[in-house]
Number of protein chains: 2
Amino acid sequence: MRLAVLGVGLIGGSIGLATRSRAGAHVVGYDPAERAIAAALELGAIDEAAVSIAEAVRDTEAVFVATPVGALAQTVQAALAAAGPDCVVSDVGSTKRAIVAAVDDRRFIGGHPLAGAESAGVEHARADLFDAAAWYLTPAPDPSRPLLDRLEGVIGTLGACPVVVDAPTHDRLMARLSHLPHVFANLLVNEAARSLERERRGLTQGLLGAGPSLRDATRVAGANSAIWVDIYLSNGDALIEAIDEAIEALGEVRAALSRSDREALSAWNECARAARRQMTGAAPTPDS
Amino acid sequence: MRLAVLGVGLIGGSIGLATRSRAGAHVVGYDPAERAIAAALELGAIDEAAVSIAEAVRDTEAVFVATPVGALAQTVQAALAAAGPDCVVSDVGSTKRAIVAAVDDRRFIGGHPLAGAESAGVEHARADLFDAAAWYLTPAPDPSRPLLDRLEGVIGTLGACPVVVDAPTHDRLMARLSHLPHVFANLLVNEAARSLERERRGLTQGLLGAGPSLRDATRVAGANSAIWVDIYLSNGDALIEAIDEAIEALGEVRAALSRSDREALSAWNECARAARRQMTGAAPTPDS
């Protein structure tokens, strides 16, 4: 199988590493940053470097567009213009309505792998980055079935589990499953910093003074602004809905606290316990 | 050194294990649950079992009260009634204003170790549970200096770092550093469950569909209701303040989103990034 990866960073590089090592794919890489291309070749994330998008996608069966979000749509369009009639083109953007609406081509199937990583850049790429991760696919209403099958096959090779949903559903889910958690992480770390400051204990006391729950809850706080502000803005309406629900829920907890309503707090907490157990199969690990 | 541990669960058992193995302390345990006492003896968490609080604290230099929160105050009072004039009595309750106000005795110094653990019960006790953890101490305005020194010494032996603050400051800090993170975790898991349900994907898809950020952000969701509802209620006023601040901050994020204010979102995110870096020394690890 011959694949192209357009944009050779953490995600693109990991796609290359995994398809090469696990499926013996021949991977052509393209990236306007020469340093990224050199590193990708050195790491074995790609077999060869192309000097243009058109050269990269020539004769490939699948193309992954993994550029920064600002360049996604135009790179997808350029790939589709140069790709053959039997080539599937996908992307890895974190929100899906805009790109699915912008691209009118049955060869395009939007995608979004849900994989966390410590650091950006191809030098942190790993063949196992997607193992057991959800990889959302958001085909248009009438996708090419054989191309969708092929894309699901490649994603399976990457170790990920394809989850096919329409783009609006994906964006609503991500608002609650990913974007709101990032907003909450920012809020918590800002609140913690403010309160430590207010108590004049200073931020250097922060790590010492905070329990493991805060550390884990804020793992994603202050994620790369260049990426995350785009994500927030591109899903602004869905995220606003999620925030409104959260504000309402906080109001309910507040009301239960202000009337010392043991029963309501207990029911709310048990509801969270049941949901988490069903979602993860694991019991919670609270601070003492 | 001779110590008493009143209430031999996860925390009490871990105190016993650590002081015995690291300082050669002689530890007397008391717990109304015979099964807990038998397990503690079996595990080596205590040297001997007492049949009453009075017997347990006799001739000890330090007493740790680690009962469920409902029994803390009366157990502390019983310990003080039986303890010698040179014995320091402390507790491990998660909020501190109520007990510090209720106990008028210079031998009592409130305490709160910030250590997370998977499961309650002495069978999960570990000698290293408190390694590098903050252990808040909340002495009354005029504590016995030698007894405070001794308590700090024992806590150092346990591997923890004593942090001395007044009880109101402790409770305000915990509202932001621990209780609000727990509230947010509950909210997130409930929101996620609701949205998965609404999209008819069902909770069994939850683990698959969610990224690592949600998993980590909800690690403490649905923490033991028997413990956590008491914690929330005992710190209700401070937690309400923290929730109000959070609602205000969510409103600001919402406003920035609704006017697509890239600059404000970026500044907010960079503020969280700086705070987290100062608090933990680590970069965030966002979902892709």
# chains A, B, ... in the order shown; residues from 1 in each chain; ligands from 1

$ residues_around --residues "A:Ile37" --least-positions-apart "2" --cutoff "12 Å" --atoms "only C-alpha atoms" --output "PyMOL selection string"
chain A and resi 5-9+12-13+16+28-35+39-51+121-123

$ residues_around --residues "A:Glu245" --least-positions-apart "6" --cutoff "12 Å" --atoms "only C-alpha atoms" --output "ChimeraX atom specification"
/A:175-176,180,238-239,251-252 /B:187-188,190-192,194-195,247,250-251,254

$ select_by_dssp --residues "stretch 10-202 of chain B" --states "alpha helix (DSSP H)" --output "PyMOL selection string"
chain B and resi 10-23+34-43+53-57+72-82+97-102+145-157+167-174+180-198

$ closest_residue --among "B:Arg106, B:His112, B:Arg145, B:His26" --to "chain A" --atoms "only C-alpha atoms"
B:His112

$ closest_residue --among "B:Asp128, B:Asp244, B:Glu55, B:Asp142" --to "chain A" --atoms "only C-alpha atoms"
B:Asp244

$ atom_distance --atom1 "atom CA of B:Ala56" --atom2 "atom CA of B:Val88"
13.7 Å

$ select_by_dssp --residues "stretch 38-215 of chain B" --states "strand (DSSP E or B)" --output "list in words"
Glu48, Ala49, Ala62, Val63, Phe64, Val65, Val88, Val89, Ser90, Asp91, Phe108, Ile109, Gly110, Gly111, His112, Pro113, Gly116, Ala134, Trp135, Tyr136, Leu137, Thr138, Cys161, Pro162, Val163 and Val164 of chain B

$ write_last_selection --atoms "N, CA and C atoms" --output "PDB file, in the first residue's frame"
ATOM      1  N   GLU B  48       0.079  -3.704  68.524  1.00  0.00           N
ATOM      2  CA  GLU B  48      -0.887  -4.305  69.432  1.00  0.00           C
ATOM      3  C   GLU B  48      -2.234  -3.612  69.303  1.00  0.00           C
ATOM      4  N   ALA B  49      -3.256  -4.343  69.707  1.00  0.00           N
ATOM      5  CA  ALA B  49      -4.608  -3.800  69.628  1.00  0.00           C
ATOM      6  C   ALA B  49      -5.089  -3.461  71.030  1.00  0.00           C
ATOM      7  N   ALA B  62       2.174  10.446  70.808  1.00  0.00           N
ATOM      8  CA  ALA B  62       1.378  11.060  69.736  1.00  0.00           C
ATOM      9  C   ALA B  62       0.220  10.143  69.397  1.00  0.00           C
ATOM     10  N   VAL B  63      -0.919  10.770  69.108  1.00  0.00           N
ATOM     11  CA  VAL B  63      -2.125  10.023  68.747  1.00  0.00           C
ATOM     12  C   VAL B  63      -2.652  10.554  67.420  1.00  0.00           C
ATOM     13  N   PHE B  64      -2.921   9.650  66.492  1.00  0.00           N
ATOM     14  CA  PHE B  64      -3.561  10.041  65.240  1.00  0.00           C
ATOM     15  C   PHE B  64      -4.982   9.510  65.216  1.00  0.00           C
ATOM     16  N   VAL B  65      -5.929  10.412  65.062  1.00  0.00           N
ATOM     17  CA  VAL B  65      -7.336  10.014  64.969  1.00  0.00           C
ATOM     18  C   VAL B  65      -7.697   9.953  63.490  1.00  0.00           C
ATOM     19  N   VAL B  88       0.713  14.651  72.010  1.00  0.00           N
ATOM     20  CA  VAL B  88       0.073  15.450  70.969  1.00  0.00           C
ATOM     21  C   VAL B  88      -0.993  14.603  70.276  1.00  0.00           C
ATOM     22  N   VAL B  89      -2.173  15.202  70.104  1.00  0.00           N
ATOM     23  CA  VAL B  89      -3.279  14.507  69.450  1.00  0.00           C
ATOM     24  C   VAL B  89      -3.594  15.227  68.144  1.00  0.00           C
ATOM     25  N   SER B  90      -3.660  14.465  67.060  1.00  0.00           N
ATOM     26  CA  SER B  90      -3.985  15.075  65.772  1.00  0.00           C
ATOM     27  C   SER B  90      -5.045  14.229  65.072  1.00  0.00           C
ATOM     28  N   ASP B  91      -5.601  14.786  64.006  1.00  0.00           N
ATOM     29  CA  ASP B  91      -6.590  14.028  63.238  1.00  0.00           C
ATOM     30  C   ASP B  91      -6.205  14.106  61.771  1.00  0.00           C
ATOM     31  N   PHE B 108      -4.074  19.482  71.160  1.00  0.00           N
ATOM     32  CA  PHE B 108      -4.660  19.089  69.870  1.00  0.00           C
ATOM     33  C   PHE B 108      -4.165  19.985  68.742  1.00  0.00           C
ATOM     34  N   ILE B 109      -3.719  19.371  67.664  1.00  0.00           N
ATOM     35  CA  ILE B 109      -3.311  20.097  66.460  1.00  0.00           C
ATOM     36  C   ILE B 109      -3.956  19.396  65.267  1.00  0.00           C
ATOM     37  N   GLY B 110      -4.875  20.091  64.603  1.00  0.00           N
ATOM     38  CA  GLY B 110      -5.568  19.483  63.468  1.00  0.00           C
ATOM     39  C   GLY B 110      -4.598  19.152  62.340  1.00  0.00           C
ATOM     40  N   GLY B 111      -4.910  18.108  61.589  1.00  0.00           N
ATOM     41  CA  GLY B 111      -4.046  17.720  60.470  1.00  0.00           C
ATOM     42  C   GLY B 111      -4.858  17.209  59.289  1.00  0.00           C
ATOM     43  N   HIS B 112      -4.207  17.210  58.125  1.00  0.00           N
ATOM     44  CA  HIS B 112      -4.868  16.714  56.918  1.00  0.00           C
ATOM     45  C   HIS B 112      -3.826  16.317  55.872  1.00  0.00           C
ATOM     46  N   PRO B 113      -3.565  15.012  55.744  1.00  0.00           N
ATOM     47  CA  PRO B 113      -2.634  14.562  54.712  1.00  0.00           C
ATOM     48  C   PRO B 113      -3.332  14.530  53.349  1.00  0.00           C
ATOM     49  N   GLY B 116      -3.827  10.589  47.735  1.00  0.00           N
ATOM     50  CA  GLY B 116      -4.874   9.871  47.035  1.00  0.00           C
ATOM     51  C   GLY B 116      -4.604   8.380  47.098  1.00  0.00           C
ATOM     52  N   ALA B 134       1.729  16.686  50.668  1.00  0.00           N
ATOM     53  CA  ALA B 134       1.550  17.771  51.637  1.00  0.00           C
ATOM     54  C   ALA B 134       0.740  17.230  52.809  1.00  0.00           C
ATOM     55  N   TRP B 135       1.127  17.607  53.999  1.00  0.00           N
ATOM     56  CA  TRP B 135       0.351  17.239  55.202  1.00  0.00           C
ATOM     57  C   TRP B 135       0.068  18.542  55.944  1.00  0.00           C
ATOM     58  N   TYR B 136      -1.167  19.043  55.746  1.00  0.00           N
ATOM     59  CA  TYR B 136      -1.530  20.304  56.381  1.00  0.00           C
ATOM     60  C   TYR B 136      -1.665  20.126  57.882  1.00  0.00           C
ATOM     61  N   LEU B 137      -1.156  21.101  58.620  1.00  0.00           N
ATOM     62  CA  LEU B 137      -1.360  21.155  60.066  1.00  0.00           C
ATOM     63  C   LEU B 137      -2.001  22.491  60.387  1.00  0.00           C
ATOM     64  N   THR B 138      -3.071  22.437  61.192  1.00  0.00           N
ATOM     65  CA  THR B 138      -3.812  23.666  61.476  1.00  0.00           C
ATOM     66  C   THR B 138      -3.912  23.886  62.974  1.00  0.00           C
ATOM     67  N   CYS B 161       5.383  16.334  53.788  1.00  0.00           N
ATOM     68  CA  CYS B 161       5.886  17.675  54.055  1.00  0.00           C
ATOM     69  C   CYS B 161       4.840  18.439  54.850  1.00  0.00           C
ATOM     70  N   PRO B 162       5.139  18.781  56.114  1.00  0.00           N
ATOM     71  CA  PRO B 162       4.158  19.530  56.893  1.00  0.00           C
ATOM     72  C   PRO B 162       3.984  20.941  56.341  1.00  0.00           C
ATOM     73  N   VAL B 163       2.731  21.370  56.211  1.00  0.00           N
ATOM     74  CA  VAL B 163       2.415  22.733  55.775  1.00  0.00           C
ATOM     75  C   VAL B 163       1.512  23.322  56.862  1.00  0.00           C
ATOM     76  N   VAL B 164       2.040  24.302  57.609  1.00  0.00           N
ATOM     77  CA  VAL B 164       1.291  24.852  58.743  1.00  0.00           C
ATOM     78  C   VAL B 164       0.499  26.072  58.291  1.00  0.00           C
TER      79      VAL B 164
END

$ residues_around --residues "A:Arg172" --least-positions-apart "2" --cutoff "12 Å" --atoms "only C-alpha atoms" --output "PyMOL selection string"
(chain A and resi 94-97+165-170+174-180+234-243) or (chain B and resi 191-192+194-196+198-199)

$ residues_around --residues "A:Gly24" --least-positions-apart "2" --cutoff "12 Å" --atoms "only C-alpha atoms" --output "ChimeraX atom specification"
/A:1-3,16-22,26-27,45-47,154,157-158

$ atom_distance --atom1 "atom CA of B:Ser52" --atom2 "atom CA of B:Ser225"
28.4 Å

$ atom_distance --atom1 "atom CA of B:Glu197" --atom2 "atom CA of A:Ala160"
22.7 Å

$ residues_around --residues "B:Ala79" --least-positions-apart "5" --cutoff "7 Å" --atoms "only C-alpha atoms" --output "list in words"
Ile53, Ala54 and Val57 of chain B

$ write_last_selection --atoms "all heavy atoms" --output "mmCIF file, in the first residue's frame"
data_model
loop_
_atom_site.group_PDB
_atom_site.id
_atom_site.type_symbol
_atom_site.label_atom_id
_atom_site.label_comp_id
_atom_site.auth_asym_id
_atom_site.auth_seq_id
_atom_site.Cartn_x
_atom_site.Cartn_y
_atom_site.Cartn_z
ATOM 1 N N ILE B 53 -10.322 3.380 73.609
ATOM 2 C CA ILE B 53 -9.508 4.555 73.279
ATOM 3 C C ILE B 53 -8.564 4.865 74.434
ATOM 4 O O ILE B 53 -7.374 5.140 74.234
ATOM 5 C CB ILE B 53 -10.436 5.757 72.972
ATOM 6 C CG1 ILE B 53 -11.211 5.488 71.664
ATOM 7 C CG2 ILE B 53 -9.637 7.049 72.855
ATOM 8 C CD1 ILE B 53 -12.276 6.520 71.342
ATOM 9 N N ALA B 54 -9.100 4.801 75.650
ATOM 10 C CA ALA B 54 -8.276 5.126 76.823
ATOM 11 C C ALA B 54 -7.060 4.206 76.913
ATOM 12 O O ALA B 54 -5.940 4.654 77.170
ATOM 13 C CB ALA B 54 -9.121 5.018 78.099
ATOM 14 N N VAL B 57 -4.371 5.085 74.070
ATOM 15 C CA VAL B 57 -3.547 6.294 74.135
ATOM 16 C C VAL B 57 -2.635 6.334 75.364
ATOM 17 O O VAL B 57 -1.750 7.195 75.451
ATOM 18 C CB VAL B 57 -4.407 7.587 74.123
ATOM 19 C CG1 VAL B 57 -5.321 7.597 72.912
ATOM 20 C CG2 VAL B 57 -5.219 7.729 75.391
#

$ closest_residue --among "A:Asp86, A:Asp216, A:Asp230, A:Asp104" --to "B:Thr280" --atoms "only C-alpha atoms"
A:Asp216
